[in-house]
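Visitor: Have a look at this one before I ask anything.
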Amino acid sequence: MKNPGMRQGAASIAGISGLSLAVMQNFTDFGALEPWLAAPDQVLTQLREDRPGEEPALMVQAAAAGAGPAFPLFRAGSLMAALYAADGRVIAQTPGLDRAPDTDIIAAVAQARAARVVSASTPAGMPSILVYAPAGMTAGWQLPAVVRDAMPPAGDAVVMLTSEGSIGGPLLEDAARAFGFSGLETRVVVATIETGSIRTAADRLGIAYQTAREAVAAAMRRAGVARLPALVTLLAEVGFGVLPEGGDDTSLLADAWGISPRQAMLGMLVASGLDRSEAARASRLSKAVVKKEIERLYLALGVGSAAAMAKLVAEANAMQWMMRATGGGMGVFESAREPLRYALRADGSRVAWSDYGPASGRPVLVAHCSMTTRFVSRRLVRALQARGFRPISIDRPGFGLSDPLAGLQPGRHDPFEAAVADVLLVARQARVRRFDAVSRGAAHHLLALHRAAPGLLGRVVITNPDPASRSDPRRVGFLGAAKEAAMRRPGLIRAGAGLMAGVLTETNFQRIFARSVEGSPPDEAAMAEPDIVEDYWRAVRPFLTGRLDGYVNEQTQLATMDPAPPQPDTPGWHFMVAEHDVLYDPAWVMAYWRRVLPDATAELLPGGGRLMAMAQADLIVDRLLGA
């Protein structure tokens with residue numbers, strides 16, 4: 001069925017509110033962050049010379065600059081892409097892309113050397129949004145491998161990106177698996193999303209309609225949603241990857257689909273799971289007006305159900321975030337590497353965790369530091385699995401894909417204690433009664449877990465445990481300046497994190513990373529190891545999406561907390577402090593943690609650095625087995 005309310009063919013979309021193709025250029029200006037990277041010693045001097053009661057000028061400048069933009073983080077395969085020669089010939093394209101080249105637009109983009117957003121219809125007559133850009137403009141984009149590897153060194157090639165047809169098949173199955181759907185639930189839900197209704201899904205699968213309805217109802221309970229459109233939206237977002245908060249701008253939908261702003265707004269509300277009565281209250285319209293507008297919207301889009309519309313809204317929202325992405329900011333990660341799972345808290349919010357397996361292995365909780373997320377380095381995963389372990393990692397509240405805990409403000413709660421409930425929730429879902437543990441930092445989180453659930457933790461190895469920051473005298477380089485600023489004004493932590501996230505392209509990350517570890521020979525050597533750099537990048541990329549609550553909460557706590565009291569009864573614990581710790585004085589940290597953990601064994605590791613858990617994974621596992 002064609003869509004009479006949609007602009008036919010591929011027409012250029014001009015003046016999309018809030019979006020700019022100019023931001024797709026490579027980002028290299030560090031702005032207010034530049035002095036902290038280029039001259040950290042001068043920053044430290046200025047921070048210390050400012051008079052009491054006055055805000056240091058650099059901190060005022062950073063706060064005034066505000067947080068940088070938030071970027072999406074797409075799963076590999078969630079966007080369709082093609083590489084065309086200027087004459088429209090296909091050089092490469094992602095499998096499953098069902099679209100003939102539009103030679104007129106390709107030629108126009110190649111000649112003008114400017115990107116272009118267009119609306120179009122899919123072969124099935126559904127609305128679609130596409131972005132075309134000269135290949136040279138996409139140098140900083142992290143494109144699907146099949147397109148990236150075919151990129152010519154020079155010439156007039158054109159890249160096309162679209163989310164059309166992306167929500168289906170393997171990506172939906174991965175999302176369903178993350179929520180623990182059964183095989184039947186997964187098959188029925190995927191078929192329902194692809195066909196637009198439960199009845200047609202039942203027909204496709206050759207099962208009874210009632211069986212299909214029950215499977216969808218069970219899936220909605222597992223995912224914590226009450227209506228099918230909300231389930232479609234949720235699985236689509238998980239399938240795409242990580243889309244930042246606040247991305248539901250209706251202007252793209254209205255411009256691209258030729259619908260009114262009111263219809264676009266109602267489409268967003270229905271896709272979020274509201275029924276028509278709830279949408280009427282939210283939009284302050286009468287039920288009769290909402291009913292009529294939604295009927296017109298269905299006709300315009302050529303859909304017959306709220307679930308089918310939710311699928312189109314999700315695709316358009318992904319495209320919107322893609323167009324906001326700065327060069328390199330539009331990250332792509334390979335979902336096959338990360339066995340994502342979700343657990344639901346009592347209030348319906350989500351906890352993201354990864355179970356690397358095997359199921360028969362001895363469970364080991366791998367705790368991330370405050371500057372990373374749950375992604376575990378490949379070296380450490382391999383080393384643990386080779387010695388019989390089953391690595392499990394959890395995004396603490398407000399990190400990565402885990403929702404923050406409602407109502408908890410930075411500096412007004414202990415985030416390490418607040419994260420305990422999530423670990424217990426995951427332990428129940430994973431059917432784990434006892435964990436060993438390995439952590440990068442996160443010592444205070446493990447202490448809180450030990451206090452709240454005695455007996456849950458067995459052997460524990462903590463690398464480079466963080467002390468209470470204000471009691472440590474060491475201030476060196478970029479990290480030292482940042483630590484000083486955080487202690488002088490904890491309220492600046494969010495602004496600083498936002499500035500960092502706003503410039504965190506892969507290239508800029510490597511520069512920041514290199515500056516952070518200057519003076520540590522083992523860490524400088526680790527920078528030459530591509531897999532270490534890539535794994536660390538994967539672990540920090542979720543911050544690009546603007547999800548900073550976890551980092552802000554924990555850094556505020558570390559900057560303001562009193563020294564931890566002694567914690568006895570930890571004989572199976574072992575902590576390791578690097579000889580070349582660029583953030584803290586190793587001897588001071590050893591003394592601090594010997595007092596806090598009097599029953600644990602301690603080790604000052606000669607030749608160790610901040611990245612020892614990644615660079616010396618086998619040694620860490622040796623210590624775990626001997627703890």
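Ligands are numbered from 1 in the order shown, residues from 1 within each chain, and chains are lettered A, B, ... in the order they appear in the structure tokens.
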Give me the residues near Asp622 in chain A as a list in words, where near means some atom within 10 Å (using only C-alpha atoms) and where sequence neighbours in that chain fewer than 3 positions away do not count.

Guide: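 My reading of the contact set: Ala383, Leu384, Arg387, Val461, Ala617, Asp618, Leu619, Leu625, Gly626 and Ala627 of chain A.
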
Visitor: Would you write out those residues with all heavy atoms, as a PDB file, in the first residue's frame?

Guide:
```
ATOM      1  N   ALA A 383      41.496 -15.004  29.823  1.00  0.00           N
ATOM      2  CA  ALA A 383      42.295 -15.529  30.932  1.00  0.00           C
ATOM      3  C   ALA A 383      41.398 -16.160  31.997  1.00  0.00           C
ATOM      4  O   ALA A 383      41.735 -17.221  32.550  1.00  0.00           O
ATOM      5  CB  ALA A 383      43.135 -14.406  31.540  1.00  0.00           C
ATOM      6  N   LEU A 384      40.271 -15.555  32.284  1.00  0.00           N
ATOM      7  CA  LEU A 384      39.363 -16.107  33.280  1.00  0.00           C
ATOM      8  C   LEU A 384      38.721 -17.402  32.787  1.00  0.00           C
ATOM      9  O   LEU A 384      38.667 -18.406  33.508  1.00  0.00           O
ATOM     10  CB  LEU A 384      38.281 -15.083  33.628  1.00  0.00           C
ATOM     11  CG  LEU A 384      38.734 -13.889  34.488  1.00  0.00           C
ATOM     12  CD1 LEU A 384      37.675 -12.794  34.487  1.00  0.00           C
ATOM     13  CD2 LEU A 384      39.025 -14.327  35.915  1.00  0.00           C
ATOM     14  N   ARG A 387      40.825 -20.517  32.874  1.00  0.00           N
ATOM     15  CA  ARG A 387      41.091 -21.101  34.198  1.00  0.00           C
ATOM     16  C   ARG A 387      39.806 -21.550  34.882  1.00  0.00           C
ATOM     17  O   ARG A 387      39.787 -21.736  36.089  1.00  0.00           O
ATOM     18  CB  ARG A 387      41.830 -20.075  35.066  1.00  0.00           C
ATOM     19  CG  ARG A 387      43.069 -19.470  34.398  1.00  0.00           C
ATOM     20  CD  ARG A 387      44.206 -20.461  34.250  1.00  0.00           C
ATOM     21  NE  ARG A 387      44.890 -20.698  35.494  1.00  0.00           N
ATOM     22  CZ  ARG A 387      45.843 -19.908  35.994  1.00  0.00           C
ATOM     23  NH1 ARG A 387      46.212 -18.804  35.345  1.00  0.00           N
ATOM     24  NH2 ARG A 387      46.432 -20.215  37.141  1.00  0.00           N
ATOM     25  N   VAL A 461      40.053 -10.047  44.075  1.00  0.00           N
ATOM     26  CA  VAL A 461      41.278  -9.342  43.699  1.00  0.00           C
ATOM     27  C   VAL A 461      40.890  -7.952  43.220  1.00  0.00           C
ATOM     28  O   VAL A 461      40.081  -7.808  42.302  1.00  0.00           O
ATOM     29  CB  VAL A 461      42.050 -10.083  42.589  1.00  0.00           C
ATOM     30  CG1 VAL A 461      43.190  -9.221  42.068  1.00  0.00           C
ATOM     31  CG2 VAL A 461      42.591 -11.408  43.120  1.00  0.00           C
ATOM     32  N   ALA A 617      46.529  -9.627  32.396  1.00  0.00           N
ATOM     33  CA  ALA A 617      45.337 -10.388  32.769  1.00  0.00           C
ATOM     34  C   ALA A 617      45.680 -11.737  33.390  1.00  0.00           C
ATOM     35  O   ALA A 617      45.068 -12.155  34.377  1.00  0.00           O
ATOM     36  CB  ALA A 617      44.436 -10.573  31.546  1.00  0.00           C
ATOM     37  N   ASP A 618      46.663 -12.438  32.833  1.00  0.00           N
ATOM     38  CA  ASP A 618      47.012 -13.755  33.374  1.00  0.00           C
ATOM     39  C   ASP A 618      47.517 -13.650  34.804  1.00  0.00           C
ATOM     40  O   ASP A 618      47.217 -14.509  35.650  1.00  0.00           O
ATOM     41  CB  ASP A 618      48.064 -14.424  32.491  1.00  0.00           C
ATOM     42  CG  ASP A 618      47.499 -14.896  31.161  1.00  0.00           C
ATOM     43  OD1 ASP A 618      46.341 -15.341  31.141  1.00  0.00           O
ATOM     44  OD2 ASP A 618      48.213 -14.796  30.136  1.00  0.00           O
ATOM     45  N   LEU A 619      48.277 -12.610  35.098  1.00  0.00           N
ATOM     46  CA  LEU A 619      48.773 -12.404  36.456  1.00  0.00           C
ATOM     47  C   LEU A 619      47.612 -12.157  37.417  1.00  0.00           C
ATOM     48  O   LEU A 619      47.605 -12.669  38.548  1.00  0.00           O
ATOM     49  CB  LEU A 619      49.741 -11.221  36.483  1.00  0.00           C
ATOM     50  CG  LEU A 619      50.305 -10.837  37.858  1.00  0.00           C
ATOM     51  CD1 LEU A 619      51.148 -11.964  38.415  1.00  0.00           C
ATOM     52  CD2 LEU A 619      51.110  -9.544  37.764  1.00  0.00           C
ATOM     53  N   LEU A 625      43.279 -17.035  41.865  1.00  0.00           N
ATOM     54  CA  LEU A 625      43.322 -18.446  42.250  1.00  0.00           C
ATOM     55  C   LEU A 625      44.091 -18.650  43.550  1.00  0.00           C
ATOM     56  O   LEU A 625      43.820 -19.590  44.298  1.00  0.00           O
ATOM     57  CB  LEU A 625      43.957 -19.271  41.131  1.00  0.00           C
ATOM     58  CG  LEU A 625      43.097 -19.437  39.877  1.00  0.00           C
ATOM     59  CD1 LEU A 625      43.908 -20.047  38.754  1.00  0.00           C
ATOM     60  CD2 LEU A 625      41.878 -20.299  40.184  1.00  0.00           C
ATOM     61  N   GLY A 626      45.030 -17.748  43.826  1.00  0.00           N
ATOM     62  CA  GLY A 626      45.830 -17.901  45.032  1.00  0.00           C
ATOM     63  C   GLY A 626      45.356 -17.078  46.201  1.00  0.00           C
ATOM     64  O   GLY A 626      45.919 -17.151  47.285  1.00  0.00           O
ATOM     65  N   ALA A 627      44.265 -16.279  45.993  1.00  0.00           N
ATOM     66  CA  ALA A 627      43.808 -15.388  47.065  1.00  0.00           C
ATOM     67  C   ALA A 627      43.279 -16.201  48.239  1.00  0.00           C
ATOM     68  O   ALA A 627      42.656 -17.255  48.044  1.00  0.00           O
ATOM     69  CB  ALA A 627      42.714 -14.466  46.533  1.00  0.00           C
TER      70      ALA A 627
END
```

Visitor: Can you tell me, as an mmCIF file with N, CA and C atoms, in the first residue's frame, what residues are no more than 9 Å from Ser283 in chain A when counting only C-alpha atoms, ignoring any on the same chain fewer than 5 positions away?

Guide:
```cif
data_model
loop_
_atom_site.group_PDB
_atom_site.id
_atom_site.type_symbol
_atom_site.label_atom_id
_atom_site.label_comp_id
_atom_site.auth_asym_id
_atom_site.auth_seq_id
_atom_site.Cartn_x
_atom_site.Cartn_y
_atom_site.Cartn_z
ATOM 1 N N ARG A 262 1.504 17.981 15.194
ATOM 2 C CA ARG A 262 0.643 17.339 16.172
ATOM 3 C C ARG A 262 0.558 15.831 15.934
ATOM 4 N N MET A 265 3.790 14.312 17.132
ATOM 5 C CA MET A 265 3.823 14.218 18.591
ATOM 6 C C MET A 265 2.989 13.036 19.074
ATOM 7 N N LEU A 266 1.797 12.869 18.512
ATOM 8 C CA LEU A 266 0.948 11.757 18.916
ATOM 9 C C LEU A 266 1.576 10.423 18.538
ATOM 10 N N LEU A 269 3.982 9.597 21.237
ATOM 11 C CA LEU A 269 3.323 9.201 22.481
ATOM 12 C C LEU A 269 2.789 7.777 22.398
ATOM 13 N N GLU A 278 -4.617 8.164 27.299
ATOM 14 C CA GLU A 278 -3.422 8.717 27.929
ATOM 15 C C GLU A 278 -2.731 9.721 27.026
ATOM 16 N N VAL A 290 -7.717 13.206 19.165
ATOM 17 C CA VAL A 290 -6.626 12.237 19.120
ATOM 18 C C VAL A 290 -6.994 11.066 18.222
#
```

Visitor: Nearest to Val313 in chain A among A:Leu73, A:Ile129, A:Ala175, A:Arg281, with distances taken over only C-alpha atoms: which residue is it?

Guide: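 Nearest candidate to Val313 in chain A out of A:Leu73, A:Ile129, A:Ala175, A:Arg281: A:Ile129.
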
Visitor: Find the residues near Val146 in chain A: any atom within 7 Å, counting only C-alpha atoms, skip ones fewer than 6 places away on the same chain, and give them as a PyMOL selection string.

Guide: chain A and resi 92-94

Visitor: Show me, as a VMD selection string, the residues that have an atom within 12 Å of His450 in chain A when counting only C-alpha atoms, minus same-chain residues fewer than 2 positions from it.

Guide: chain A and resid 416 to 417 420 423 to 424 434 to 437 443 to 448 452 to 460 567 to 570 572 to 573 597

Visitor: How about saving the chosen residues, N, CA, C and O atoms kept, as a CSV table (one decimal), in the first residue's frame?

Guide:
```csv
chain,number,residue,atom,x,y,z
A,416,PHE,N,28.0,3.5,46.1
A,416,PHE,CA,28.5,2.2,46.2
A,416,PHE,C,27.5,1.3,46.9
A,416,PHE,O,27.3,0.1,46.6
A,417,GLU,N,26.9,1.8,48.0
A,417,GLU,CA,25.9,1.0,48.7
A,417,GLU,C,24.7,0.9,47.9
A,417,GLU,O,24.0,-0.2,47.9
A,420,VAL,N,24.4,-2.1,45.5
A,420,VAL,CA,24.4,-3.5,46.0
A,420,VAL,C,23.1,-4.2,45.6
A,420,VAL,O,23.2,-5.4,45.2
A,423,VAL,N,23.3,-5.9,42.2
A,423,VAL,CA,24.1,-7.1,42.2
A,423,VAL,C,23.3,-8.3,42.7
A,423,VAL,O,23.3,-9.4,42.1
A,424,LEU,N,22.6,-8.1,43.8
A,424,LEU,CA,21.8,-9.2,44.3
A,424,LEU,C,20.7,-9.6,43.3
A,424,LEU,O,20.3,-10.8,43.2
A,434,ARG,N,27.2,-17.4,44.9
A,434,ARG,CA,28.5,-16.9,45.4
A,434,ARG,C,29.3,-16.5,44.2
A,434,ARG,O,29.4,-17.2,43.2
A,435,PHE,N,29.9,-15.3,44.3
A,435,PHE,CA,30.8,-14.8,43.3
A,435,PHE,C,32.2,-14.8,43.9
A,435,PHE,O,32.4,-14.4,45.0
A,436,ASP,N,33.2,-15.1,43.0
A,436,ASP,CA,34.5,-14.5,43.2
A,436,ASP,C,34.5,-13.1,42.6
A,436,ASP,O,33.5,-12.8,41.9
A,437,ALA,N,35.5,-12.3,42.7
A,437,ALA,CA,35.4,-11.0,42.1
A,437,ALA,C,36.8,-10.5,41.7
A,437,ALA,O,37.8,-10.8,42.4
A,443,ALA,N,36.7,-0.6,44.7
A,443,ALA,CA,36.9,-1.2,46.0
A,443,ALA,C,35.8,-0.9,47.0
A,443,ALA,O,35.3,-1.8,47.7
A,444,HIS,N,35.3,0.3,46.9
A,444,HIS,CA,34.3,0.7,47.9
A,444,HIS,C,32.9,0.1,47.5
A,444,HIS,O,32.1,-0.2,48.4
A,445,HIS,N,32.7,-0.2,46.3
A,445,HIS,CA,31.5,-1.0,45.9
A,445,HIS,C,31.6,-2.4,46.5
A,445,HIS,O,30.6,-3.0,47.0
A,446,LEU,N,32.7,-3.1,46.3
A,446,LEU,CA,32.9,-4.4,46.8
A,446,LEU,C,32.8,-4.4,48.4
A,446,LEU,O,32.3,-5.4,49.0
A,447,LEU,N,33.3,-3.4,49.0
A,447,LEU,CA,33.2,-3.3,50.5
A,447,LEU,C,31.7,-3.2,50.9
A,447,LEU,O,31.3,-3.9,51.8
A,448,ALA,N,31.0,-2.4,50.2
A,448,ALA,CA,29.5,-2.3,50.5
A,448,ALA,C,28.8,-3.6,50.2
A,448,ALA,O,27.9,-4.0,51.0
A,452,ALA,N,26.8,-5.8,53.1
A,452,ALA,CA,25.3,-6.0,52.9
A,452,ALA,C,25.0,-7.5,52.7
A,452,ALA,O,23.9,-7.9,53.1
A,453,ALA,N,25.9,-8.2,52.1
A,453,ALA,CA,25.6,-9.6,51.8
A,453,ALA,C,26.8,-10.5,52.2
A,453,ALA,O,27.5,-11.0,51.3
A,454,PRO,N,27.1,-10.7,53.5
A,454,PRO,CA,28.2,-11.5,53.9
A,454,PRO,C,28.1,-12.9,53.3
A,454,PRO,O,27.0,-13.5,53.3
A,455,GLY,N,29.2,-13.4,52.8
A,455,GLY,CA,29.1,-14.7,52.2
A,455,GLY,C,28.9,-14.8,50.7
A,455,GLY,O,29.1,-15.8,50.1
A,456,LEU,N,28.4,-13.6,50.1
A,456,LEU,CA,28.2,-13.6,48.7
A,456,LEU,C,29.5,-13.6,47.9
A,456,LEU,O,29.7,-14.2,46.8
A,457,LEU,N,30.6,-12.9,48.4
A,457,LEU,CA,31.9,-12.8,47.8
A,457,LEU,C,32.8,-13.9,48.3
A,457,LEU,O,32.9,-14.0,49.5
A,458,GLY,N,33.5,-14.6,47.4
A,458,GLY,CA,34.5,-15.5,47.8
A,458,GLY,C,35.9,-14.9,47.7
A,458,GLY,O,36.2,-13.9,48.4
A,459,ARG,N,36.7,-15.4,46.8
A,459,ARG,CA,38.0,-14.8,46.5
A,459,ARG,C,37.8,-13.4,45.8
A,459,ARG,O,37.0,-13.3,44.9
A,460,VAL,N,38.6,-12.4,46.2
A,460,VAL,CA,38.5,-11.1,45.6
A,460,VAL,C,39.9,-10.6,45.3
A,460,VAL,O,40.8,-10.6,46.1
A,567,GLN,N,37.8,-2.7,57.7
A,567,GLN,CA,36.8,-3.7,57.3
A,567,GLN,C,37.5,-5.1,57.6
A,567,GLN,O,38.2,-5.6,56.8
A,568,PRO,N,37.2,-5.7,58.7
A,568,PRO,CA,37.8,-7.0,59.0
A,568,PRO,C,37.1,-8.1,58.3
A,568,PRO,O,36.1,-7.9,57.6
A,569,ASP,N,37.6,-9.3,58.5
A,569,ASP,CA,37.0,-10.5,58.0
A,569,ASP,C,37.0,-10.6,56.4
A,569,ASP,O,36.0,-10.8,55.8
A,570,THR,N,38.1,-10.3,55.9
A,570,THR,CA,38.3,-10.4,54.4
A,570,THR,C,39.6,-11.2,54.1
A,570,THR,O,40.4,-10.7,53.3
A,572,GLY,N,40.1,-13.7,52.2
A,572,GLY,CA,40.3,-14.2,50.9
A,572,GLY,C,40.4,-13.0,49.9
A,572,GLY,O,40.3,-13.2,48.7
A,573,TRP,N,40.7,-11.9,50.4
A,573,TRP,CA,40.9,-10.7,49.5
A,573,TRP,C,42.3,-10.4,49.3
A,573,TRP,O,43.2,-10.6,50.2
A,597,LEU,N,41.7,-2.8,55.0
A,597,LEU,CA,41.6,-4.3,54.8
A,597,LEU,C,42.7,-5.0,55.6
A,597,LEU,O,43.6,-5.5,55.0
```

Visitor: One decimal, Å: what's the distance from CA of Ile106 in chain A over to CA of Ala81 in chain A, could you say?

Guide: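 Distance between the two atoms: 13.6 Å.
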
Visitor: Can you measure CA of Leu161 in chain A to CA of Ile259 in chain A for me? One decimal in Å is fine.

Guide: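 Going from CA of Leu161 in chain A over to CA of Ile259 in chain A, I get 22.8 Å.
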
Visitor: Can you work out the spacing between CA of Val366 in chain A and CA of Arg440 in chain A in Å, to one decimal?

Guide: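 Rounded to one decimal, the two atoms are 8.2 Å apart.
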
Visitor: Got a sec: who's within 7 Å of Asp156 in chain A, counting only C-alpha atoms, leaving out chain neighbours fewer than 6 positions off, as an MDAnalysis selection string?

Guide: chainID A and resid 85:86 110 134

Visitor: Tell me, which residues of range 297-400 of chain A carry DSSP strand (DSSP E), written as a list in words?

Guide: Gly331, Val332, Phe333, Leu340, Arg341, Tyr342, Ala343, Leu344, Arg350, Val351, Ala352, Trp353, Ser354, Asp355, Arg362, Pro363, Val364, Leu365, Val366, Ala367, Phe389, Arg390, Pro391, Ile392, Ser393 and Ile394 of chain A

Visitor: Quick one: of A:Ser377, A:Ser78, A:Thr211, A:Thr103, who's nearest to Pro170 in chain A, counting only C-alpha atoms?

Guide: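 Closest to Pro170 in chain A, using only C-alpha atoms: A:Ser78.
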